[in-house]
Amino acid sequence: MTENNVDQNKADKLPKSWNPAEVEADLYQSWVDAGYFKADPSSDKPAYSIVLPPPNVTGQLHMGHALDHTLMDSLVRRKRMQGYEVLWLPGMDHAGIATQTKVEAMLKETEGKDRFDYGREEFVEKVWEWKKEYGGRIGNQMRQIGDSLDWSRERFTLDEGLSRAVQTIFKELFDQGLIYRAKRMVNWSPVLQTAISDIEVKYEDVDGELVSFRYGDGEDSLVVATTRVETMLGDVAIAVHPEDERYTHLVGKVLDHPFRQDLKIQVIADDYVDREFGTGAVKITPAHDPNDFAMGQRHNLDMPEVIDTTGHIFNTGTRFDGMDRAEARTALTEALREQGRIVKEIRPYVHSVGHSERSGEPIEPLLSEQWWVKVEELAKMSGDAIRSGDTVIHPASQEPRWFDWVDDMHDWCISRQLWWGHRIPIWYGPNGEIVCVGPDDEAPTGEGWRQDPDVLDTWFSSALWPFSTMGWPEATEELAKFYPTSVLVTGYDILFFWVARMMMFSTFAAKLPNSPLGEGADGRPQIPFKDVFLHGLVRDEQGRKMSKSLGNGIDPLDWVRDYGADALRFTLARGANPGSDLPVGNDAAQSSRNFATKLFNATRFALMNGAQVGELPARESLTDTDRWILDRLEQVRAAVDTNLDAYEFSKANEALYHFAWDEFCDWYLEMSKVDFPRLEEGEEMTEEQAARAASTRLVLGRVLDTLLRLLHPTMPFVTETLWKALTDGSEGFAESLVVSQWPDSSMTTDGAAVDEVAARRIEDAQKLVTELRRFRNDQGVKPSQRVPARMDIAAADLADQEGIIRSLARAAVPADGFNATASIEVRLSQATVVVELDTSGTVDVTAERKRLEKDLAKAEKELEGTNKKLSNEAFLGKAPEHVVEKIKARHQVALEEIERIKARLEGLPQA
């Protein structure tokens, strides 16, 4: 038939099988070349915008990035299809410590030099050269997973525009007294020789020793315990609880220091002390412990520094000066032992120690003169933005963590002792002058003037990211159109370190005179994003954090190579529950790859059978099967919209998966084969058959068209390939799925009510087919074997479905002389259906008996095992209730299985 030839030509536009590697790169580039991802700030479409959390310029795409990007891409692709003007703005972070460390290591290896051999300006030039040559790798990896970013707007946290924004906000904060310089406690890296942020400190359990030693003698002595004996050289006090009667008589006394005559140990009382822990007495070293520092401030204690920036003892006037921390720890322990001050055996003690993420050594809490942001007012504005509902956190369960942080935030150390980064715009004069220089100011010159050598914490510039990337402090078209951004998508683990700081700086910048950011609701400061969606962390299949030490990391680009980008994305999106961690493994990726293949094969089958896109026939002329699948499609479409609007990616993609695989492929496609009768050569369809086939082709096309649109945001490559083949040559369709219309109810049921009768009939037909298949399997009938069956299904209101039921259950129409050898009863919604079957000659009795006997032995072993556990009183007394209930359920299943198998064995004819 001519029509069939056309259909075959459409199918031939698809390859014989789905091979992502042959398609993805060229397809992605075609989207970029067509300009589909470019945002137009002059457009009159409603705006939707996301700024990409900037990955480190040193970075390589990991599973956390892949999850983050998949979810953002799903959002922006859907919004484009919904008719929004979409800006998804890319960029990278200069990553001060990470980049400088990498370049220093490279120079050491290739040239045998360190940064001081070059000097500041030449070294920074070396870093720029490295960035130009190696810094764009992660951008290419984003393309490989399909990120639909507006690459024409890519930004870098050290580019000229962002540098201007950084200087502007620094000066505004400085002029308002919100940036100040002070000597405070910081996390110090002796290897990197800089203060580092909290997020760059990783805590690890370390095997240490707990040393208990005595200050003072006789009745005036106190015993303290520590894992860091070396810090006792800077002890100035011992703290006890004010209500601890053991030590009340000692409060106010002064004890001698065992090694330093210039230090005296005061006994002080403070509620911070836990009198139930250890001896109830705590040694206080204010210059080398953050809690001790706070106590030192409360009690106006001296703060002698005894560990220098390289991690060595200094300034104590003792023989321990010059030793590194570990060496001094051992030497001091032996010296205390010699004085008889060790009061009990030193015992192993596992404790958590902060380590520098970049250099690996234990961080040293140090007093250091640094630049700080006063956060109290800024943090309050950040909290108020959530309390007022201007910004909404998803899931809401993360709100308490937000308030715990912003309502008790400590001032932020923003200076780093590095050369790569935004240099602090402060100049010092010869007579003690301090001048802050803005982007349009002239820096002071002349003898004795010098710029602060430090650079700003990387998080300072990235805190400006939502608005600096759109041209702030200038009033730009982009800010007017796309700010505030629609949503921030990120992991819950950086809620405090980045999200809160963006909120602080954005609300501050919005309040500045003549700010282009404008006002928010009711005159409140404009917020940077309307929604904050916090997803969980990607973990391995056992729920463990992915790490090099465990060897359980997965490179997402390996999955792209082995399974395709769509499989990577669908695996991550399908598992993305708000705020919950996501365990993944290769099996999940293979399952997603199988799903892509299933879609491909289903579309190819539909095209080979003439699936068409066009106007649907009148609803009343459709079969029950067609009305059912369209109604189910509409229900799934509505559920997908509801879930995606609520950032419930997992629910949305799970619904699409089960509809596509279970209902569309496994049921509807199989049912539709009845409408495409196999014709003998020269035979033609009747008018009724032709009309029914034409109708089914249109329904097939409509379901596929809608399904591919719904899946496109998560699986862009396979859906684009299939949709183009489906719509090829059809009028009224966009040139690409990327810019096609997002489905609404007019594409499925056009607002018609759900056909409950059709749904009931199809559900009953599915139940009857399922029971017949189960019976055939129990009887050992081969799947390909057609079994004669007599069924009276008129009373069940399934007369129109008989052809489908017989086709799917492989139940042949009985011929004359039919002899029923078995029967089953199936209770359906309208009646109980009795099906009589002639299974004679279809069962290999000997093979079936062996199979059943094997199954019986397995069930009896299960029964024996569960019996033992349920008769064990010790087990029942200790096991959790849910475990016991699970074993009881297994026990009952085993009993029922044994009964079923024995009955089947008894019913088999003798071989």
# chains A, B, ... in the order shown; residues from 1 in each chain; ligands from 1

call {"tool": "closest_atom_pairs", "arguments": {"of": "segment 425-495 of chain A", "to": "segment 89-110 of chain A", "cutoff": "10 Å", "atoms": "only C-alpha atoms", "output": "Markdown table"}}
result
| residue | atom | partner | partner_atom | distance |
| --- | --- | --- | --- | --- |
| A:Val455 | CA | A:Gly96 | CA | 8.6 |
| A:Leu456 | CA | A:Gly96 | CA | 8.7 |
| A:Asp457 | CA | A:Gly96 | CA | 7.5 |
| A:Thr458 | CA | A:Gly96 | CA | 5.9 |
| A:Trp459 | CA | A:Ala95 | CA | 8.8 |
| A:Ser461 | CA | A:Asp93 | CA | 8.6 |
| A:Ser462 | CA | A:Asp93 | CA | 7.2 |
| A:Trp465 | CA | A:Gly91 | CA | 9.4 |
| A:Pro466 | CA | A:Leu89 | CA | 9.4 |
| A:Thr469 | CA | A:Leu89 | CA | 8.1 |
| A:Met470 | CA | A:Leu89 | CA | 8.9 |

call {"tool": "residues_around", "arguments": {"residues": "Leu852 of chain A", "least_positions_apart": "6", "cutoff": "12 Å", "atoms": "only C-alpha atoms", "output": "JSON, numbers by chain"}}
result
{"A": [777, 778, 779, 780, 845, 846, 858, 859, 897, 898, 899, 900, 901, 902, 903, 904, 905, 906, 907, 908]}

call {"tool": "write_last_selection", "arguments": {"atoms": "C-alpha atoms", "output": "PDB file, in the first residue's frame"}}
result
ATOM      1  CA  ASN A 777       2.981 -19.664  33.210  1.00  0.00           C
ATOM      2  CA  ASP A 778       1.857 -21.887  36.091  1.00  0.00           C
ATOM      3  CA  GLN A 779       0.863 -24.555  33.554  1.00  0.00           C
ATOM      4  CA  GLY A 780       4.269 -24.324  31.896  1.00  0.00           C
ATOM      5  CA  VAL A 845       4.713 -32.756  31.870  1.00  0.00           C
ATOM      6  CA  THR A 846       8.132 -34.142  32.843  1.00  0.00           C
ATOM      7  CA  LYS A 858      12.793 -23.644  47.659  1.00  0.00           C
ATOM      8  CA  ALA A 859       9.479 -22.708  49.321  1.00  0.00           C
ATOM      9  CA  GLU A 897       3.300 -21.023  47.765  1.00  0.00           C
ATOM     10  CA  ILE A 898       3.662 -24.594  49.084  1.00  0.00           C
ATOM     11  CA  GLU A 899      -0.096 -25.080  48.939  1.00  0.00           C
ATOM     12  CA  ARG A 900      -0.256 -23.742  45.374  1.00  0.00           C
ATOM     13  CA  ILE A 901       2.641 -25.849  44.085  1.00  0.00           C
ATOM     14  CA  LYS A 902       1.344 -29.055  45.689  1.00  0.00           C
ATOM     15  CA  ALA A 903      -2.083 -28.502  44.126  1.00  0.00           C
ATOM     16  CA  ARG A 904      -0.466 -27.957  40.759  1.00  0.00           C
ATOM     17  CA  LEU A 905       1.624 -31.122  41.103  1.00  0.00           C
ATOM     18  CA  GLU A 906      -1.457 -33.135  41.985  1.00  0.00           C
ATOM     19  CA  GLY A 907      -3.253 -31.772  38.938  1.00  0.00           C
ATOM     20  CA  LEU A 908      -0.512 -32.777  36.495  1.00  0.00           C
TER      21      LEU A 908
END

call {"tool": "residues_around", "arguments": {"residues": "segment 137-144 of chain A", "least_positions_apart": "2", "cutoff": "6 Å", "atoms": "only C-alpha atoms", "output": "PDB file with C-alpha atoms, in the first residue's frame"}}
result
ATOM      1  CA  GLN A  60      35.898  18.714  36.412  1.00  0.00           C
ATOM      2  CA  LEU A  61      32.270  17.697  36.163  1.00  0.00           C
ATOM      3  CA  GLY A 135      40.346  26.439  32.540  1.00  0.00           C
ATOM      4  CA  GLY A 146      23.163  18.828  27.206  1.00  0.00           C
ATOM      5  CA  ASP A 147      23.120  22.027  29.297  1.00  0.00           C
TER       6      ASP A 147
END

call {"tool": "closest_residue", "arguments": {"among": "A:Lys126, A:Arg786, A:His394, A:Lys283", "to": "Val813 of chain A", "atoms": "only C-alpha atoms"}}
result
A:Arg786

call {"tool": "residues_around", "arguments": {"residues": "Arg760 of chain A", "least_positions_apart": "2", "cutoff": "12 Å", "atoms": "only C-alpha atoms", "output": "list in words"}}
result
Asp624, Thr625, Arg627, Trp628, Val754, Asp755, Glu756, Val757, Ala758, Ile762, Glu763, Asp764, Ala765, Gln766, Lys767, Ala796, Asp797, Leu798, Gln801, Leu828, Ser829 and Gln830 of chain A

call {"tool": "residues_around", "arguments": {"residues": "Glu447 of chain A", "least_positions_apart": "4", "cutoff": "12 Å", "atoms": "only C-alpha atoms", "output": "PyMOL selection string"}}
result
chain A and resi 428-431

call {"tool": "write_last_selection", "arguments": {"atoms": "C-alpha atoms", "output": "PDB file, in the first residue's frame"}}
result
ATOM      1  CA  TYR A 428      47.792  52.316  53.617  1.00  0.00           C
ATOM      2  CA  GLY A 429      49.582  55.620  53.885  1.00  0.00           C
ATOM      3  CA  PRO A 430      52.956  56.505  55.447  1.00  0.00           C
ATOM      4  CA  ASN A 431      51.258  58.136  58.427  1.00  0.00           C
TER       5      ASN A 431
END

call {"tool": "select_by_dssp", "arguments": {"residues": "segment 164-325 of chain A", "states": "helix (DSSP H, G or I)", "output": "PyMOL selection string"}}
result
chain A and resi 164-175+198-200+218-220+229-234+248-250+290-298+325

call {"tool": "closest_residue", "arguments": {"among": "A:Thr749, A:Ser388, A:Ser672, A:Ser740", "to": "Arg709 of chain A", "atoms": "only C-alpha atoms"}}
result
A:Ser740

call {"tool": "atom_distance", "arguments": {"atom1": "atom CA of Gln590 of chain A", "atom2": "atom CA of Met671 of chain A"}}
result
27.5 Å

call {"tool": "residues_around", "arguments": {"residues": "Gly296 of chain A", "least_positions_apart": "3", "cutoff": "10 Å", "atoms": "only C-alpha atoms", "output": "tab-separated table (two decimals) with N, CA and C atoms, in the first residue's frame"}}
result
chain	number	residue	atom	x	y	z
A	236	VAL	N	46.35	30.22	79.83
A	236	VAL	CA	46.33	31.35	80.78
A	236	VAL	C	45.27	31.14	81.85
A	237	ALA	N	44.46	30.11	81.72
A	237	ALA	CA	43.38	29.92	82.70
A	237	ALA	C	42.93	28.48	82.70
A	284	ILE	N	42.41	26.68	79.18
A	284	ILE	CA	42.02	27.75	78.27
A	284	ILE	C	43.26	28.32	77.59
A	285	THR	N	43.27	28.18	76.23
A	285	THR	CA	44.34	28.74	75.39
A	285	THR	C	43.68	29.70	74.41
A	286	PRO	N	43.46	30.95	74.77
A	286	PRO	CA	42.61	31.85	73.95
A	286	PRO	C	43.11	32.09	72.54
A	287	ALA	N	44.42	31.97	72.31
A	287	ALA	CA	44.94	32.30	70.98
A	287	ALA	C	44.91	31.12	70.02
A	290	PRO	N	38.90	28.35	69.13
A	290	PRO	CA	37.80	29.33	69.00
A	290	PRO	C	36.93	29.44	70.25
A	291	ASN	N	36.65	28.32	70.91
A	291	ASN	CA	35.85	28.40	72.14
A	291	ASN	C	36.63	29.08	73.26
A	292	ASP	N	37.92	28.78	73.35
A	292	ASP	CA	38.76	29.43	74.36
A	292	ASP	C	38.90	30.92	74.08
A	293	PHE	N	38.95	31.27	72.78
A	293	PHE	CA	39.03	32.69	72.41
A	293	PHE	C	37.80	33.44	72.90
A	299	HIS	N	36.26	37.01	79.71
A	299	HIS	CA	36.95	37.18	81.00
A	299	HIS	C	38.17	38.09	80.89
A	300	ASN	N	38.33	38.76	79.74
A	300	ASN	CA	39.43	39.70	79.55
A	300	ASN	C	40.78	39.06	79.84
A	301	LEU	N	41.02	37.88	79.28
A	301	LEU	CA	42.25	37.14	79.50
A	301	LEU	C	43.32	37.55	78.50
A	302	ASP	N	44.58	37.38	78.89
A	302	ASP	CA	45.67	37.55	77.94
A	302	ASP	C	45.58	36.47	76.87
A	303	MET	N	46.14	36.77	75.69
A	303	MET	CA	46.06	35.83	74.58
A	303	MET	C	47.43	35.62	73.94

call {"tool": "closest_residue", "arguments": {"among": "A:Ala879, A:Leu572, A:Val186, A:Ala480", "to": "Asp68 of chain A", "atoms": "only C-alpha atoms"}}
result
A:Leu572

call {"tool": "select_by_dssp", "arguments": {"residues": "segment 507-608 of chain A", "states": "strand (DSSP E)", "output": "number ranges by chain"}}
result
A: 529-535, 538-539, 582-583

call {"tool": "write_last_selection", "arguments": {"atoms": "C-alpha atoms", "output": "compact mmCIF listing (two decimals), in the first residue's frame"}}
result
# COMPACT_ATOMS: atom_id res chain seq x y z
CA PHE A 529 15.84 34.70 43.69
CA LYS A 530 12.17 33.94 44.24
CA ASP A 531 12.68 30.25 45.02
CA VAL A 532 15.57 28.31 46.50
CA PHE A 533 15.45 24.62 45.63
CA LEU A 534 17.80 22.48 47.71
CA HIS A 535 18.52 18.99 46.45
CA VAL A 538 24.66 12.04 45.19
CA ARG A 539 25.90 8.94 47.02
CA LEU A 582 20.37 10.23 46.04
CA PRO A 583 22.07 6.79 45.92

call {"tool": "residues_around", "arguments": {"residues": "Asp728 of chain A", "least_positions_apart": "4", "cutoff": "10 Å", "atoms": "only C-alpha atoms", "output": "PyMOL selection string"}}
result
chain A and resi 10+13+612-613+722-724+733+735

call {"tool": "write_last_selection", "arguments": {"atoms": "C-alpha atoms", "output": "mmCIF file, in the first residue's frame"}}
result
data_model
loop_
_atom_site.group_PDB
_atom_site.id
_atom_site.type_symbol
_atom_site.label_atom_id
_atom_site.label_comp_id
_atom_site.auth_asym_id
_atom_site.auth_seq_id
_atom_site.Cartn_x
_atom_site.Cartn_y
_atom_site.Cartn_z
ATOM 1 C CA LYS A 10 9.383 7.824 8.062
ATOM 2 C CA LYS A 13 14.704 8.207 8.975
ATOM 3 C CA GLN A 612 0.589 10.301 12.336
ATOM 4 C CA VAL A 613 0.436 13.706 13.978
ATOM 5 C CA LEU A 722 12.269 10.684 17.749
ATOM 6 C CA TRP A 723 10.065 13.773 17.603
ATOM 7 C CA LYS A 724 11.700 15.010 14.414
ATOM 8 C CA PHE A 733 5.047 21.864 14.037
ATOM 9 C CA GLU A 735 11.498 22.846 13.648
#

call {"tool": "closest_residue", "arguments": {"among": "A:Val127, A:Met323, A:Leu367, A:Val240", "to": "Trp188 of chain A", "atoms": "only C-alpha atoms"}}
result
A:Leu367
